[in-house]
Amino acid sequence: MREINRYDKSREYYERASKVIPSGVYGHQGPAEGCFVPVEAFPFFSEKAQGSYFWDVDGNRFIDYMCAYGPNILGYNDPDVDAAAAEQRKKGDCITAPSTKMIEFAELMVDTVASADWAFFAKNGNDVTTLSIMAARAYTKRKKIVFFKGYYHGVSPWTQKLDYPGIIEEDVCNNIYIPWNDSDALGEVFDKYKGEIAAVISQPYMHGNFKDNVLPAGGFWQRVRKLCDDNDTVLIIDDVRAGFRLDIAGSDHYFGFEADMICFCKALANGYNVSALCGKDFLKNTISGMTFTGSYWLSAVPFAAGIACVTKMREMDIAKVLDEKGKKLRDGLVGAAKSHGFDLRVTGAPSLFYLRIADDPTLSLHQRWVAECVKRGVYFTNHHNHFINAALSDEDIAETVQVANEAFEVVKKN
Amino acid sequence: MKDSRVLAYINLYAILGNIPILCELVPEAADTIRGEKVRLGISVKGGPSATLCFEDGKCRVEDGADNCDIKLPFASPEKFNGMIDGTVQPFPSKGFTKLGFLTKKFTKLTDILTKYLKASESDLQNPDFFRTSTLIMLHLIVEAAARIGNEDKVGKVSASNFEDGITAVMIGNYCVGIEGKGGKLKAIHTNPPKYTSSMSFESIELARNIFDGKVNSVAAVGLGQVRIGGFISQVDNLNRILDRVSYYLV
């Protein structure tokens, strides 16, 4: 059996952080939103990262299946991406006039992403999902937006729900929520709100939290595309989470349709901070006329990193690589579960898989198993999809399955 | 803006509805109504109706106010809420021969309830009082959460996302719960034998600080002072409703 991690320094740092930072570590990487159950099983702060691993402040090494919640796609500190970024940093980063790296990056995006005629860069996924909604409203002169339940499109007020702190009715009164995979429901809302719907926004498949992930039903996206066309409504794909892990040309391409706008972030530059909105030509003029910018949005270093990252992903056929690794891992984990009499469900795409032990509907058993894995150096989270990166080796996968076996053994005994 | 109708539900079911718990936890309250057998109906036009059934030192709450000995009708939620605030004087429409219960024993009971719900700093120095007061608040909060989830416009959004099952809310071994079924919530004032998720406070002092808004429960999760587990999306939605509870109870 492996040694169990200790997190003494993590705890000390967390207590220190709590004094000066609201909730210590906020958001998805924090213990509450990140569902650290129990908190004692998880590290709070990292020291360093390399390839498919990160080390916490106590010196524990983790095979990392969260990949910084997506950005790490090639492996932490990828030498090619880092070299390109370093080269640009010598020349300059945040400068009064933007670098021509921005043009190169936009050209590369247009050449890579099937539905892209142009590219607009920002920093976070939320920046570009928000821009896409504003652009759809500006183009159509309509207010209403259709969402699929279980969505996540960022944290701006329009993405949140009426019962979230700080949200007022006016923020969300034009939001329409329908069930995922239900194109009939979409048809009904188009009939009900004839001429009022500016956009349909969706992730390429349902990778919401707390539930098994659900791929699109056969013909679903084609029906959605047609309904949007028939109703002059803009179709936006939020590919922030899944982008490049299904298809280098975009997840709409993977599922056989074309979005009007598609949002990227996370894996776009292997951890360098840049996001992109790509879209069809008919929306370019609308975007041109919009007031939407930020202090660091045109910084050159992330553009250089993005160019290197996208180029490398293209060369290595990233989606195929990650799919193969994801399948190997999936088979190993499911086999380990089965050998201990557990029903481990692995849903979503293999490159961004979601885990759930189905034997206990309260998910407590699942939480105990995840905790035992983390304590032994395999970083899973309880109720969020995971991510595969290209640096993950067969040895890493074998070690993960070994840890999973130990963890199953422990939860079976207790 | 507070919805006076929702506030009336909270006032009836979570504030007055806390009298049964008060009688269980505070001997003085039980003694006040010992030997009594009275049904006090409260009917709010455009709002809730319920009956407080007193019998030999105990009390229970029934929905509806048709079967009662004393009836207090209110023309609107605002009038009823005014009675709770002490700005409106109630007039019974039935039970004039039992007015003594209303003016003496029931008034004494509500005074005891107020003492525990709006506790003074000096009373809270007594550990037993502190504990009882906090447990009464716990019951009030879960009942108010259920009513807000079922009646409040924003609360209904959270309730609709609350998956079927029970969230246990624990302070040490003391446990209550809130049950969701088909988007409707129900407070459970006894220890639920089974639950699908849990939120557990490390100590009664911490629970009090969270109830009083001095400590944030999200921050306390990271410090291990509040433990969450099981079907956490239920806890997440309950927390959103608890935010509304403090809004209504301020």
# chains A, B, ... in the order shown; residues from 1 in each chain; ligands from 1

call {"tool": "interface_residues", "arguments": {"of": "chain B", "to": "chain A", "cutoff": "12 Å", "atoms": "only C-alpha atoms", "output": "number ranges by chain"}}
result
B: 1, 148-149, 152-161, 163-167, 194-200, 215-244, 247

call {"tool": "write_last_selection", "arguments": {"atoms": "C-alpha atoms", "output": "PDB file, in the first residue's frame"}}
result
ATOM      1  CA  MET B   1     -38.079  43.584  -1.555  1.00  0.00           C
ATOM      2  CA  ILE B 148     -39.105  30.191   1.305  1.00  0.00           C
ATOM      3  CA  GLY B 149     -38.331  27.359  -1.114  1.00  0.00           C
ATOM      4  CA  ASP B 152     -40.665  32.863  -2.494  1.00  0.00           C
ATOM      5  CA  LYS B 153     -40.044  33.645  -6.167  1.00  0.00           C
ATOM      6  CA  VAL B 154     -36.271  33.368  -5.876  1.00  0.00           C
ATOM      7  CA  GLY B 155     -36.419  30.539  -3.344  1.00  0.00           C
ATOM      8  CA  LYS B 156     -38.549  28.517  -5.741  1.00  0.00           C
ATOM      9  CA  VAL B 157     -35.688  28.566  -8.262  1.00  0.00           C
ATOM     10  CA  SER B 158     -33.381  26.945  -5.699  1.00  0.00           C
ATOM     11  CA  ALA B 159     -36.075  24.478  -4.627  1.00  0.00           C
ATOM     12  CA  SER B 160     -36.709  23.480  -8.239  1.00  0.00           C
ATOM     13  CA  ASN B 161     -33.012  22.576  -8.536  1.00  0.00           C
ATOM     14  CA  GLU B 163     -32.846  17.021  -6.271  1.00  0.00           C
ATOM     15  CA  ASP B 164     -35.233  14.659  -4.460  1.00  0.00           C
ATOM     16  CA  GLY B 165     -33.825  13.519  -1.136  1.00  0.00           C
ATOM     17  CA  ILE B 166     -32.966  14.790   2.326  1.00  0.00           C
ATOM     18  CA  THR B 167     -30.206  17.117   3.455  1.00  0.00           C
ATOM     19  CA  LYS B 194     -31.577   8.389   6.110  1.00  0.00           C
ATOM     20  CA  TYR B 195     -30.277  11.309   4.131  1.00  0.00           C
ATOM     21  CA  THR B 196     -28.708  11.959   0.755  1.00  0.00           C
ATOM     22  CA  SER B 197     -26.489  14.872   1.737  1.00  0.00           C
ATOM     23  CA  SER B 198     -25.311  16.571   4.882  1.00  0.00           C
ATOM     24  CA  MET B 199     -24.056  19.820   6.278  1.00  0.00           C
ATOM     25  CA  SER B 200     -22.480  19.489   9.683  1.00  0.00           C
ATOM     26  CA  VAL B 215     -18.928  33.517   9.823  1.00  0.00           C
ATOM     27  CA  ASN B 216     -19.496  32.504   6.210  1.00  0.00           C
ATOM     28  CA  SER B 217     -20.262  28.820   5.749  1.00  0.00           C
ATOM     29  CA  VAL B 218     -18.241  28.595   2.498  1.00  0.00           C
ATOM     30  CA  ALA B 219     -15.156  29.902   4.274  1.00  0.00           C
ATOM     31  CA  ALA B 220     -15.798  27.473   7.129  1.00  0.00           C
ATOM     32  CA  VAL B 221     -15.842  24.501   4.726  1.00  0.00           C
ATOM     33  CA  GLY B 222     -12.180  25.028   3.864  1.00  0.00           C
ATOM     34  CA  LEU B 223     -11.228  25.155   7.508  1.00  0.00           C
ATOM     35  CA  GLY B 224     -13.074  21.909   8.158  1.00  0.00           C
ATOM     36  CA  GLN B 225     -15.456  23.700  10.529  1.00  0.00           C
ATOM     37  CA  VAL B 226     -18.427  22.944   8.313  1.00  0.00           C
ATOM     38  CA  ARG B 227     -18.482  19.533   6.662  1.00  0.00           C
ATOM     39  CA  ILE B 228     -20.471  18.831   3.556  1.00  0.00           C
ATOM     40  CA  GLY B 229     -20.983  15.453   1.982  1.00  0.00           C
ATOM     41  CA  GLY B 230     -23.174  13.272  -0.183  1.00  0.00           C
ATOM     42  CA  PHE B 231     -25.246  14.870  -2.919  1.00  0.00           C
ATOM     43  CA  ILE B 232     -23.616  18.264  -2.603  1.00  0.00           C
ATOM     44  CA  SER B 233     -25.790  20.033  -5.165  1.00  0.00           C
ATOM     45  CA  GLN B 234     -28.587  19.752  -2.570  1.00  0.00           C
ATOM     46  CA  VAL B 235     -26.398  21.529  -0.021  1.00  0.00           C
ATOM     47  CA  ASP B 236     -25.531  24.105  -2.645  1.00  0.00           C
ATOM     48  CA  ASN B 237     -29.186  24.864  -3.305  1.00  0.00           C
ATOM     49  CA  LEU B 238     -30.013  24.849   0.393  1.00  0.00           C
ATOM     50  CA  ASN B 239     -27.281  27.428   0.940  1.00  0.00           C
ATOM     51  CA  ARG B 240     -28.848  29.696  -1.651  1.00  0.00           C
ATOM     52  CA  ILE B 241     -32.144  29.465   0.225  1.00  0.00           C
ATOM     53  CA  LEU B 242     -30.432  30.087   3.553  1.00  0.00           C
ATOM     54  CA  ASP B 243     -29.204  33.336   2.074  1.00  0.00           C
ATOM     55  CA  ARG B 244     -32.875  34.257   1.608  1.00  0.00           C
ATOM     56  CA  TYR B 247     -32.800  38.316   4.272  1.00  0.00           C
TER      57      TYR B 247
END

call {"tool": "select_by_dssp", "arguments": {"residues": "segment 329-365 of chain A", "states": "strand (DSSP E)", "output": "number ranges by chain"}}
result
A: 344-347, 354-357

call {"tool": "write_last_selection", "arguments": {"atoms": "N, CA and C atoms", "output": "PDB file, in the first residue's frame"}}
result
ATOM      1  N   LEU A 344     -18.298   1.594 -11.642  1.00  0.00           N
ATOM      2  CA  LEU A 344     -17.783   2.938 -11.915  1.00  0.00           C
ATOM      3  C   LEU A 344     -18.231   3.367 -13.310  1.00  0.00           C
ATOM      4  N   ARG A 345     -18.975   4.449 -13.358  1.00  0.00           N
ATOM      5  CA  ARG A 345     -19.437   4.971 -14.651  1.00  0.00           C
ATOM      6  C   ARG A 345     -18.475   6.054 -15.132  1.00  0.00           C
ATOM      7  N   VAL A 346     -18.045   5.918 -16.373  1.00  0.00           N
ATOM      8  CA  VAL A 346     -17.174   6.927 -16.983  1.00  0.00           C
ATOM      9  C   VAL A 346     -17.925   7.490 -18.175  1.00  0.00           C
ATOM     10  N   THR A 347     -18.298   8.762 -18.083  1.00  0.00           N
ATOM     11  CA  THR A 347     -19.141   9.345 -19.135  1.00  0.00           C
ATOM     12  C   THR A 347     -18.442  10.539 -19.780  1.00  0.00           C
ATOM     13  N   TYR A 354     -15.933  12.066 -17.084  1.00  0.00           N
ATOM     14  CA  TYR A 354     -16.585  12.315 -15.788  1.00  0.00           C
ATOM     15  C   TYR A 354     -16.724  10.977 -15.074  1.00  0.00           C
ATOM     16  N   LEU A 355     -16.445  10.961 -13.773  1.00  0.00           N
ATOM     17  CA  LEU A 355     -16.486   9.713 -13.003  1.00  0.00           C
ATOM     18  C   LEU A 355     -17.634   9.715 -11.994  1.00  0.00           C
ATOM     19  N   ARG A 356     -18.249   8.554 -11.833  1.00  0.00           N
ATOM     20  CA  ARG A 356     -19.247   8.395 -10.757  1.00  0.00           C
ATOM     21  C   ARG A 356     -19.375   6.924 -10.403  1.00  0.00           C
ATOM     22  N   ILE A 357     -19.247   6.632  -9.105  1.00  0.00           N
ATOM     23  CA  ILE A 357     -19.522   5.263  -8.656  1.00  0.00           C
ATOM     24  C   ILE A 357     -21.027   5.165  -8.451  1.00  0.00           C
TER      25      ILE A 357
END

call {"tool": "residues_around", "arguments": {"residues": "Leu185 of chain B", "least_positions_apart": "5", "cutoff": "9 Å", "atoms": "only C-alpha atoms", "output": "VMD selection string"}}
result
chain B and resid 145 to 150 159 162 178 to 180

call {"tool": "write_last_selection", "arguments": {"atoms": "C-alpha atoms", "output": "mmCIF file, in the first residue's frame"}}
result
data_model
loop_
_atom_site.group_PDB
_atom_site.id
_atom_site.type_symbol
_atom_site.label_atom_id
_atom_site.label_comp_id
_atom_site.auth_asym_id
_atom_site.auth_seq_id
_atom_site.Cartn_x
_atom_site.Cartn_y
_atom_site.Cartn_z
ATOM 1 C CA ALA B 145 -35.951 27.586 4.370
ATOM 2 C CA ALA B 146 -38.684 25.147 3.414
ATOM 3 C CA ARG B 147 -41.312 27.887 3.360
ATOM 4 C CA ILE B 148 -39.105 30.191 1.305
ATOM 5 C CA GLY B 149 -38.331 27.359 -1.114
ATOM 6 C CA ASN B 150 -42.041 26.777 -1.609
ATOM 7 C CA ALA B 159 -36.075 24.478 -4.627
ATOM 8 C CA PHE B 162 -32.986 20.668 -5.237
ATOM 9 C CA ILE B 178 -34.873 19.370 4.853
ATOM 10 C CA GLU B 179 -36.534 17.139 2.319
ATOM 11 C CA GLY B 180 -36.971 17.910 -1.352
#

call {"tool": "select_by_dssp", "arguments": {"residues": "segment 126-344 of chain A", "states": "helix (DSSP H, G or I)", "output": "number ranges by chain"}}
result
A: 126-140, 157-159, 169-172, 183-192, 220-230, 251-254, 266-269, 281-288, 300-316, 318-339

call {"tool": "residues_around", "arguments": {"residues": "Ile70 of chain B", "least_positions_apart": "5", "cutoff": "6 Å", "atoms": "only C-alpha atoms", "output": "ChimeraX atom specification"}}
result
/B:40-41,94-95

call {"tool": "atom_distance", "arguments": {"atom1": "atom CA of Asn72 of chain A", "atom2": "atom CA of Asp343 of chain A"}}
result
29.1 Å

call {"tool": "atom_distance", "arguments": {"atom1": "atom CA of Val189 of chain A", "atom2": "atom CA of Ile236 of chain A"}}
result
16.9 Å
